[in-house]
>>> print(open('query_7.tsv').read())   # TSV, C-alpha atoms
chain	number	residue	atom	x	y	z
A	454	MET	CA	0.00	0.00	0.00
A	455	LEU	CA	2.84	2.41	0.83
A	456	THR	CA	5.15	1.43	-2.04
A	457	ASP	CA	6.46	4.54	-3.86
A	458	LYS	CA	4.29	6.82	-1.72
A	459	LYS	CA	5.67	10.27	-0.87
A	460	ALA	CA	2.86	11.55	1.40
A	461	VAL	CA	-0.25	10.37	3.25
A	462	ILE	CA	-3.40	12.48	3.63
A	463	PHE	CA	-6.25	11.67	6.00
A	464	ASP	CA	-9.81	12.81	6.23
A	465	LEU	CA	-10.69	13.56	9.86
A	466	ASP	CA	-14.24	12.61	10.84
A	467	GLY	CA	-14.97	8.89	10.64
A	468	THR	CA	-11.45	8.29	9.33
A	469	LEU	CA	-9.01	9.32	12.07
A	470	VAL	CA	-11.56	9.81	14.84
A	471	ASP	CA	-14.88	8.23	15.79
A	472	SER	CA	-16.92	11.40	15.53
A	473	MET	CA	-19.64	11.09	12.90
A	474	TRP	CA	-22.33	10.57	15.52
A	475	ILE	CA	-21.96	14.01	17.06
A	476	TRP	CA	-23.30	15.96	14.08
A	477	LYS	CA	-26.70	14.33	14.31
A	478	GLU	CA	-26.72	15.12	18.02
A	479	ILE	CA	-25.68	18.73	17.42
A	480	ASP	CA	-28.43	19.10	14.80
A	481	VAL	CA	-31.00	17.84	17.31
A	482	ARG	CA	-29.82	20.16	20.09
A	483	PHE	CA	-29.29	23.18	17.82
A	484	LEU	CA	-32.64	23.03	16.03
A	485	GLY	CA	-34.34	22.09	19.29
A	486	LYS	CA	-33.36	25.47	20.75
A	487	TYR	CA	-35.69	27.06	18.19
A	488	GLY	CA	-38.51	24.54	18.49
A	489	LEU	CA	-37.49	22.76	15.30
A	490	THR	CA	-36.94	19.09	14.59
A	491	VAL	CA	-34.43	17.42	12.28
A	492	PRO	CA	-36.11	16.50	8.98
A	493	LYS	CA	-35.63	13.04	7.55
A	494	GLY	CA	-32.70	12.76	5.16
A	495	LEU	CA	-30.89	15.89	6.37
A	496	ASN	CA	-27.54	14.16	6.85
A	497	ASP	CA	-27.70	12.56	3.41
A	498	ALA	CA	-28.48	15.95	1.85
A	499	LEU	CA	-25.43	17.51	3.50
A	500	GLU	CA	-22.92	14.71	2.82
A	501	GLY	CA	-19.69	16.20	1.50
A	502	TYR	CA	-20.71	19.81	2.25
A	503	SER	CA	-18.10	22.09	3.77
A	504	PHE	CA	-18.75	23.72	7.14
A	505	TYR	CA	-19.72	27.01	5.46
A	506	GLU	CA	-21.90	25.30	2.83
A	507	THR	CA	-23.75	23.47	5.63
A	508	ALA	CA	-24.41	26.74	7.48
A	509	VAL	CA	-25.76	28.31	4.28
A	510	TYR	CA	-28.09	25.32	3.84
A	511	PHE	CA	-29.42	25.71	7.40
A	512	LYS	CA	-29.97	29.43	6.90
A	513	GLU	CA	-31.87	28.82	3.67
A	514	HIS	CA	-33.97	25.88	4.89
A	515	PHE	CA	-34.82	26.72	8.52
A	516	PRO	CA	-36.36	29.86	10.12
A	517	LEU	CA	-33.33	30.71	12.27
A	518	PRO	CA	-32.81	34.17	13.84
A	519	LEU	CA	-29.06	33.91	13.20
A	520	THR	CA	-26.63	34.95	10.51
A	521	ILE	CA	-24.56	32.33	8.71
A	522	GLU	CA	-21.57	33.41	10.80
A	523	GLU	CA	-23.54	33.07	14.04
A	524	ILE	CA	-24.72	29.60	13.04
A	525	MET	CA	-21.12	28.50	12.49
A	526	GLU	CA	-20.00	30.10	15.75
A	527	THR	CA	-22.73	28.29	17.70
A	528	TRP	CA	-21.84	24.96	16.11
A	529	ASN	CA	-18.17	25.50	16.87
A	530	GLU	CA	-18.94	26.19	20.52
A	531	MET	CA	-21.18	23.11	20.82
A	532	ALA	CA	-18.84	20.81	18.94
A	533	ALA	CA	-15.57	22.00	20.49
A	534	GLN	CA	-16.46	20.61	23.90
A	535	MET	CA	-17.52	17.31	22.39
A	536	TYR	CA	-14.38	17.02	20.24
A	537	ILE	CA	-12.14	17.80	23.19
A	538	HIS	CA	-13.83	15.56	25.76
A	539	GLU	CA	-15.78	12.85	23.94
A	540	ILE	CA	-14.18	12.01	20.58
A	541	PRO	CA	-11.61	9.17	20.54
A	542	LEU	CA	-9.10	8.16	17.88
A	543	LYS	CA	-10.00	5.14	15.80
A	544	GLU	CA	-8.19	1.88	16.52
A	545	GLY	CA	-4.51	1.87	15.65
A	546	VAL	CA	-4.26	5.52	14.61
A	547	LYS	CA	-1.40	6.47	16.94
A	548	GLU	CA	0.55	3.33	16.11
A	549	PHE	CA	0.08	3.83	12.37
A	550	ILE	CA	1.11	7.49	12.55
A	551	SER	CA	4.27	6.48	14.42
A	552	PHE	CA	4.95	3.90	11.71
A	553	LEU	CA	4.58	6.55	8.97
A	554	LYS	CA	6.83	8.95	10.86
A	555	GLU	CA	9.53	6.28	11.03
A	556	LYS	CA	9.38	6.21	7.24
A	557	ASP	CA	9.71	10.04	7.13
A	558	LEU	CA	6.46	10.42	5.19
A	559	PRO	CA	4.83	13.87	5.43
A	560	LEU	CA	1.25	13.71	6.70
A	561	GLY	CA	-1.69	15.97	5.94
A	562	ILE	CA	-5.36	16.41	6.76
A	563	ALA	CA	-8.03	17.13	4.12
A	564	THR	CA	-11.35	17.73	5.84
A	565	SER	CA	-14.77	19.27	5.34
A	566	ASN	CA	-14.70	20.23	9.01
A	567	SER	CA	-13.58	23.63	10.29
A	568	ARG	CA	-9.95	24.37	11.06
A	569	GLU	CA	-10.80	25.26	14.68
A	570	LEU	CA	-12.53	21.95	15.41
A	571	THR	CA	-9.91	19.95	13.53
A	572	LYS	CA	-7.09	21.45	15.57
A	573	ALA	CA	-9.01	21.08	18.85
A	574	CYS	CA	-9.62	17.41	18.13
A	575	LEU	CA	-6.04	16.66	17.07
A	576	ARG	CA	-4.62	18.47	20.11
A	577	ALA	CA	-6.98	16.68	22.52
A	578	ASN	CA	-5.88	13.33	21.11
A	579	GLY	CA	-2.18	14.19	21.17
A	580	ILE	CA	-1.48	13.97	17.43
A	581	MET	CA	-1.52	17.61	16.32
A	582	ASP	CA	2.24	17.77	15.78
A	583	ALA	CA	2.19	14.74	13.46
A	584	PHE	CA	0.70	16.71	10.57
A	585	GLU	CA	2.63	19.07	8.33
A	586	TYR	CA	-0.48	20.60	6.79
A	587	ILE	CA	-4.22	20.83	7.45
A	588	CYS	CA	-6.47	21.74	4.53
A	589	THR	CA	-10.18	22.46	4.98
A	590	SER	CA	-12.77	22.55	2.22
A	591	ASP	CA	-13.39	26.23	2.95
A	592	GLU	CA	-9.89	27.02	1.64
A	593	VAL	CA	-10.56	25.68	-1.86
A	594	PRO	CA	-13.12	26.48	-4.60
A	595	LYS	CA	-15.13	23.26	-4.23
A	596	GLY	CA	-15.60	20.70	-1.45
A	597	LYS	CA	-15.66	16.92	-1.77
A	598	PRO	CA	-16.38	14.97	-3.98
A	599	GLU	CA	-14.39	17.43	-6.09
A	600	PRO	CA	-10.60	16.87	-5.74
A	601	ASP	CA	-9.66	20.44	-4.75
A	602	VAL	CA	-8.98	19.83	-1.06
A	603	TYR	CA	-6.72	16.84	-1.76
A	604	LEU	CA	-4.85	18.52	-4.59
A	605	HIS	CA	-4.16	21.59	-2.45
A	606	ALA	CA	-2.99	19.49	0.50
A	607	ALA	CA	-0.67	17.47	-1.74
A	608	GLU	CA	0.79	20.65	-3.19
A	609	GLN	CA	1.53	21.94	0.30
A	610	LEU	CA	3.20	18.62	1.15
A	611	HIS	CA	5.29	18.88	-2.06
A	612	ALA	CA	4.00	15.54	-3.33
A	613	ALA	CA	2.73	14.68	-6.80
A	614	PRO	CA	-0.89	13.42	-6.67
A	615	GLU	CA	0.00	9.95	-7.98
A	616	THR	CA	2.42	9.48	-5.06
A	617	VAL	CA	-0.19	10.23	-2.36
A	618	LEU	CA	-2.16	7.71	-0.29
A	619	VAL	CA	-5.56	8.92	0.93
A	620	PHE	CA	-7.65	7.56	3.82
A	621	GLU	CA	-11.40	8.21	3.75
A	622	ASP	CA	-14.58	6.81	5.28
A	623	ILE	CA	-17.38	7.92	2.93
A	624	PRO	CA	-17.92	7.57	-0.83
A	625	TYR	CA	-17.77	11.34	-1.47
A	626	GLY	CA	-14.34	11.51	0.13
A	627	LEU	CA	-13.06	8.49	-1.77
A	628	MET	CA	-14.34	10.02	-4.99
A	629	ALA	CA	-12.42	13.21	-4.21
A	630	GLY	CA	-9.23	11.22	-3.72
A	631	LYS	CA	-9.71	9.25	-6.93
A	632	ARG	CA	-10.48	12.41	-8.93
A	633	ALA	CA	-7.22	13.82	-7.61
A	634	ASN	CA	-5.44	10.79	-9.14
A	635	MET	CA	-4.42	9.47	-5.71
A	636	THR	CA	-4.45	5.97	-4.22
A	637	THR	CA	-7.37	5.57	-1.82
A	638	CYS	CA	-8.02	3.40	1.21
A	639	ALA	CA	-11.54	3.10	2.61
A	640	VAL	CA	-11.82	2.98	6.40
A	641	LYS	CA	-14.61	1.12	8.17
A	642	ASP	CA	-17.00	3.37	10.08
A	643	SER	CA	-20.41	2.51	11.48
A	644	TYR	CA	-21.89	5.75	10.14
A	645	SER	CA	-21.11	4.81	6.51
A	646	GLU	CA	-21.66	1.06	6.81
A	647	ARG	CA	-24.77	1.34	4.65
A	648	SER	CA	-22.50	2.57	1.83
A	649	ILE	CA	-19.95	-0.23	2.15
A	650	ASN	CA	-20.51	-1.65	-1.35
A	651	GLU	CA	-20.09	1.78	-2.93
A	652	LYS	CA	-16.93	2.36	-0.89
A	653	LEU	CA	-15.45	-0.94	-2.01
A	654	LYS	CA	-16.14	-0.11	-5.67
A	655	ILE	CA	-14.32	3.23	-5.45
A	656	ALA	CA	-11.36	2.49	-3.18
A	657	ASP	CA	-8.08	0.72	-3.92
A	658	TYR	CA	-7.84	-0.74	-0.41
A	659	TYR	CA	-10.08	-1.36	2.61
A	660	ILE	CA	-9.30	-1.58	6.32
A	661	GLU	CA	-11.41	-2.26	9.39
A	662	SER	CA	-8.77	-0.61	11.59
A	663	TYR	CA	-5.26	0.78	11.13
A	664	TYR	CA	-3.92	-2.37	12.76
A	665	ASP	CA	-4.83	-4.10	9.49
A	666	ILE	CA	-2.01	-2.19	7.76
A	667	LEU	CA	0.49	-2.79	10.53
A	668	ASN	CA	-0.40	-6.50	10.54
A	669	GLY	CA	-0.54	-6.81	6.75
A	670	THR	CA	-4.18	-7.94	6.79
A	671	TYR	CA	-5.70	-5.08	4.76
A	672	GLN	CA	-7.79	-5.79	1.67
A	673	LYS	CA	-6.56	-4.90	-1.80
A	674	LEU	CA	-9.59	-4.24	-4.00
>>> encode(input="query_7.tsv", output="structure tokens")
Amino acid sequence: MLTDKKAVIFDLDGTLVDSMWIWKEIDVRFLGKYGLTVPKGLNDALEGYSFYETAVYFKEHFPLPLTIEEIMETWNEMAAQMYIHEIPLKEGVKEFISFLKEKDLPLGIATSNSRELTKACLRANGIMDAFEYICTSDEVPKGKPEPDVYLHAAEQLHAAPETVLVFEDIPYGLMAGKRANMTTCAVKDSYSERSINEKLKIADYYIESYYDILNGTYQKL
């Protein structure tokens, strides 16, 4: 999997950390403050949206007495505490990162999450210093499944796209990696288990945990 690779880029939510569950909970609490309920299919409609794009969607689809900036600020405040105190790393992440560092491979993050929450989460889990560059979808013209976020991260890591290995948990993210001409590895996550067949069709590799790579038991697709 790592043969001829010059850099490794990870998505954050559902890929490095077990966090996908909190967004549904934040939606419930946030909309509940204004007497609103979460409509069916909301999470599917927002899959792949950047943080800003999601706030715009909420502003356009719900009667909220907040600006787009205030919506994002409220979400950040709610999520920050959860990311710091309740969000764990996925199995084998620290060990795999140490393994990559021994190989002197530069590491990056390419996420649809906000920079503030990404940094808070990485710091809380003790892996912030492992990454040379963090790229968020808000920094590029288009979010996933377009390749922009991965291409920009690779450029900052001084690695040609074809020499980059990408880790992702959802089909949109895997599509972004493939469109960037990068090798992709799908990561098991309970949130995206319903999309497992689609993930396996897109990705080059599949792992249930990062121990699969360290143990040589990953699936080549």
>>> closest_atom_pairs(input="query_7.tsv", of="range 547-639 of chain A", to="range 656-674 of chain A", cutoff="12 Å", atoms="only C-alpha atoms", output="tab-separated table")
residue	atom	partner	partner_atom	distance
A:Lys547	CA	A:Tyr663	CA	9.0
A:Glu548	CA	A:Tyr664	CA	8.0
A:Phe549	CA	A:Tyr663	CA	6.3
A:Ile550	CA	A:Tyr663	CA	9.4
A:Ser551	CA	A:Leu667	CA	10.7
A:Phe552	CA	A:Leu667	CA	8.1
A:Leu553	CA	A:Leu667	CA	10.3
A:Leu618	CA	A:Asp657	CA	9.9
A:Val619	CA	A:Ala656	CA	9.6
A:Phe620	CA	A:Tyr658	CA	9.3
A:Glu621	CA	A:Ala656	CA	9.0
A:Asp622	CA	A:Tyr659	CA	9.7
A:Ile623	CA	A:Ala656	CA	10.2
A:Pro624	CA	A:Ala656	CA	8.6
A:Tyr625	CA	A:Ala656	CA	11.1
A:Gly626	CA	A:Ala656	CA	10.1
A:Leu627	CA	A:Ala656	CA	6.4
A:Met628	CA	A:Ala656	CA	8.3
A:Ala629	CA	A:Ala656	CA	10.8
A:Gly630	CA	A:Ala656	CA	9.0
A:Lys631	CA	A:Ala656	CA	7.9
A:Arg632	CA	A:Ala656	CA	11.5
A:Asn634	CA	A:Asp657	CA	11.6
A:Met635	CA	A:Asp657	CA	9.7
A:Thr636	CA	A:Asp657	CA	6.4
A:Thr637	CA	A:Ala656	CA	5.2
A:Cys638	CA	A:Tyr658	CA	4.4
A:Ala639	CA	A:Tyr659	CA	4.7
>>> closest_residue(input="query_7.tsv", among="A:Ala633, A:Ala583, A:Leu610, A:Met535", to="Lys554 in chain A", atoms="all atoms listed in the file")
A:Ala583
>>> closest_residue(input="query_7.tsv", among="A:Ile475, A:Glu555, A:Val546, A:Glu530", to="Gly579 in chain A", atoms="all atoms listed in the file")
A:Val546
>>> atom_distance(input="query_7.tsv", atom1="CA of Pro594 in chain A", atom2="CA of Ser503 in chain A")
10.7 Å
>>> closest_residue(input="query_7.tsv", among="A:Gly488, A:Phe463, A:Glu526, A:Lys641", to="Ala607 in chain A", atoms="all atoms listed in the file")
A:Phe463
>>> atom_distance(input="query_7.tsv", atom1="CA of Gly561 in chain A", atom2="CA of Gly596 in chain A")
16.4 Å
>>> closest_residue(input="query_7.tsv", among="A:Lys477, A:Lys486, A:Lys556, A:Lys493", to="Thr456 in chain A", atoms="only C-alpha atoms")
A:Lys556
>>> atom_distance(input="query_7.tsv", atom1="CA of Ile562 in chain A", atom2="CA of Cys588 in chain A")
5.9 Å
>>> closest_residue(input="query_7.tsv", among="A:Thr564, A:Asn529, A:Ile479, A:Thr468", to="Gly545 in chain A", atoms="all atoms listed in the file")
A:Thr468
>>> residues_near_point(input="query_7.tsv", point="(-21.9, 24.5, 1.5)", cutoff="12 Å", atoms="all atoms listed in the file", output="PDB file with C-alpha atoms, in the coordinates of the input")
ATOM      1  CA  ALA A 498     -28.480  15.950   1.850  1.00  0.00           C
ATOM      2  CA  LEU A 499     -25.430  17.510   3.500  1.00  0.00           C
ATOM      3  CA  GLU A 500     -22.920  14.710   2.820  1.00  0.00           C
ATOM      4  CA  GLY A 501     -19.690  16.200   1.500  1.00  0.00           C
ATOM      5  CA  TYR A 502     -20.710  19.810   2.250  1.00  0.00           C
ATOM      6  CA  SER A 503     -18.100  22.090   3.770  1.00  0.00           C
ATOM      7  CA  PHE A 504     -18.750  23.720   7.140  1.00  0.00           C
ATOM      8  CA  TYR A 505     -19.720  27.010   5.460  1.00  0.00           C
ATOM      9  CA  GLU A 506     -21.900  25.300   2.830  1.00  0.00           C
ATOM     10  CA  THR A 507     -23.750  23.470   5.630  1.00  0.00           C
ATOM     11  CA  ALA A 508     -24.410  26.740   7.480  1.00  0.00           C
ATOM     12  CA  VAL A 509     -25.760  28.310   4.280  1.00  0.00           C
ATOM     13  CA  TYR A 510     -28.090  25.320   3.840  1.00  0.00           C
ATOM     14  CA  PHE A 511     -29.420  25.710   7.400  1.00  0.00           C
ATOM     15  CA  LYS A 512     -29.970  29.430   6.900  1.00  0.00           C
ATOM     16  CA  GLU A 513     -31.870  28.820   3.670  1.00  0.00           C
ATOM     17  CA  ILE A 521     -24.560  32.330   8.710  1.00  0.00           C
ATOM     18  CA  MET A 525     -21.120  28.500  12.490  1.00  0.00           C
ATOM     19  CA  SER A 565     -14.770  19.270   5.340  1.00  0.00           C
ATOM     20  CA  ASN A 566     -14.700  20.230   9.010  1.00  0.00           C
ATOM     21  CA  SER A 590     -12.770  22.550   2.220  1.00  0.00           C
ATOM     22  CA  ASP A 591     -13.390  26.230   2.950  1.00  0.00           C
ATOM     23  CA  VAL A 593     -10.560  25.680  -1.860  1.00  0.00           C
ATOM     24  CA  PRO A 594     -13.120  26.480  -4.600  1.00  0.00           C
ATOM     25  CA  LYS A 595     -15.130  23.260  -4.230  1.00  0.00           C
ATOM     26  CA  GLY A 596     -15.600  20.700  -1.450  1.00  0.00           C
ATOM     27  CA  LYS A 597     -15.660  16.920  -1.770  1.00  0.00           C
TER      28      LYS A 597
END
>>> closest_residue(input="query_7.tsv", among="A:Val461, A:Leu519, A:Leu570, A:Val470", to="Met531 in chain A", atoms="all atoms listed in the file")
A:Leu570
